[in-house]
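What follows is one structure encoded as structure tokens, with my remarks underneath.
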Amino acid sequence: MDPKWVFVRYIAGSCGIVICLMAQTAKSVASWYNKMPAPEEIVDPIKENHERVHYEPAPPYDLSWFVRTPPFTRGDDLSLSEVKQEIFKRESTKKLVEQHKQIIVPYTKKDLPSWSLPHGKTIDVYADESMFQWLKNRRKKVFYIEKPEGIIECRYHSDYRPVPIGSNPNSFPYRELEQGSLDSLADKRLREEYIEPSSNPTIQLKDILSGNFESIKETIETTIDDQIDTVWCKDFLELFNQKVNLETY
């Protein structure tokens, strides 16, 4: 019995979690909730600052055997048999495979792990050049804290973000304080992590931020070969766009 992956690949900060949430309203996709909350229950608590990661939805299943955040590579080069061993020794993922559910994986690295195929699908969220400044401005607000002694990168510090399920806090990805200007650091990191356009099914970041629902819906449903909950997803995207949109940054 093989896992059915759906990787949502995106540059951190480019709203990939929105796509993860919309996709999991389909019956064939494993939900992160026992019962899908009302859209406002997800959107209202979200803050557009460094506290965001404490409120952003995340998978409830244990994927600690590989890292989904750059520049770390743990688990990227596992064999398919090793991946299956990791999945089946964790009840939270073993159950999903036995239920034949598609498993959503939010993923912010350029290169997919070697084991993601042949049983995986991928949806890319693409931020074209016109979105670069918007994305950099958002990441500056959400991912960094400036202190007199240097700049903290919140994604790599356990004091500022939750430790993923199954992870050892002592092995949490960590970066030392950075010196210099925030703008320069944010620009550098964004260019390091930038994901080029590919042949994968793709949703434009500007379509998410402008609420282009029909285009997003078509891409998700074609990729997962199932129907999403149109009413929930429309309401969710509209509420999300009231908080985060093209005019936000």
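Ligands are numbered from 1 in the order shown, residues from 1 within each chain, and chains are lettered A, B, ... in the order they appear in the structure tokens.
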For this session: Write down as a VMD selection string the residues of region 69-234 of chain A whose backbone DSSP state falls under strand (DSSP E).
Result: chain A and resid 102 to 107 120 to 126 144 to 147 150 to 153 202 to 204
Exercise. Looking only at the backbone, which of the residues in region 50-219 of chain A does DSSP tag as alpha helix (DSSP H), as a ChimeraX atom specification?
Worked result: /A:80-88,91-98,132-143,182-193,205-209,213-219
Problem set entry | Residue nearest Asp159 (chain A) among A:Glu196, A:Glu51, A:Glu91, A:Glu238 (counting only C-alpha atoms) |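 Under the stated criterion, the closest residue is A:Glu51.
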Exercise. Counting only C-alpha atoms, what is within 8 Å of Val29 (chain A), bar same-chain residues fewer than 2 positions away, as a VMD selection string?
Worked result: chain A and resid 23 to 27 31 101 to 104
For this session: May I ask for the distance between CA of Tyr33 (chain A) and CA of Leu96 (chain A), given in Å to one decimal place?
Result: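 Between CA of Tyr33 (chain A) and CA of Leu96 (chain A) the gap is 13.0 Å.
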For this session: For region 125-142 of chain A, list every protein, DNA or RNA residue within 7 Å, evaluated using only C-alpha atoms, and leave out those in the same chain fewer than 3 positions away; present the list as a PyMOL selection string.
Result: chain A and resi 9-10+13-14+16+48-50+52+186-187+190+197+202-205+249
For this session: Considering only C-alpha atoms, return as a PyMOL selection string whatever protein or nucleic-acid residues lie within 8 Å of Asp77 (chain A), sequence-local ones (same chain, fewer than 5 positions apart) excluded.
Result: chain A and resi 113-115
Restricted to N, CA and C atoms, what would the selected residues look like written as a PDB file, in the first residue's frame?
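And here's result_10.pdb as it stands now:
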ATOM      1  N   PRO A 113      11.642  16.085  -2.833  1.00  0.00           N
ATOM      2  CA  PRO A 113      12.453  14.919  -2.474  1.00  0.00           C
ATOM      3  C   PRO A 113      12.383  13.854  -3.561  1.00  0.00           C
ATOM      4  N   SER A 114      13.446  13.066  -3.651  1.00  0.00           N
ATOM      5  CA  SER A 114      13.538  12.080  -4.730  1.00  0.00           C
ATOM      6  C   SER A 114      12.430  11.034  -4.662  1.00  0.00           C
ATOM      7  N   TRP A 115      11.848  10.829  -3.474  1.00  0.00           N
ATOM      8  CA  TRP A 115      10.840   9.785  -3.294  1.00  0.00           C
ATOM      9  C   TRP A 115       9.410  10.277  -3.536  1.00  0.00           C
TER      10      TRP A 115
END
Exercise. What separation in Å, quoted to one decimal, exists between CA of Lys206 (chain A) and CA of Ile220 (chain A)?
Worked result: 15.9 Å
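Across A:Leu21, A:Val83, A:Pro3, A:Pro71, the tightest approach to Lys95 (chain A) is made by A:Pro3 when counting only C-alpha atoms.
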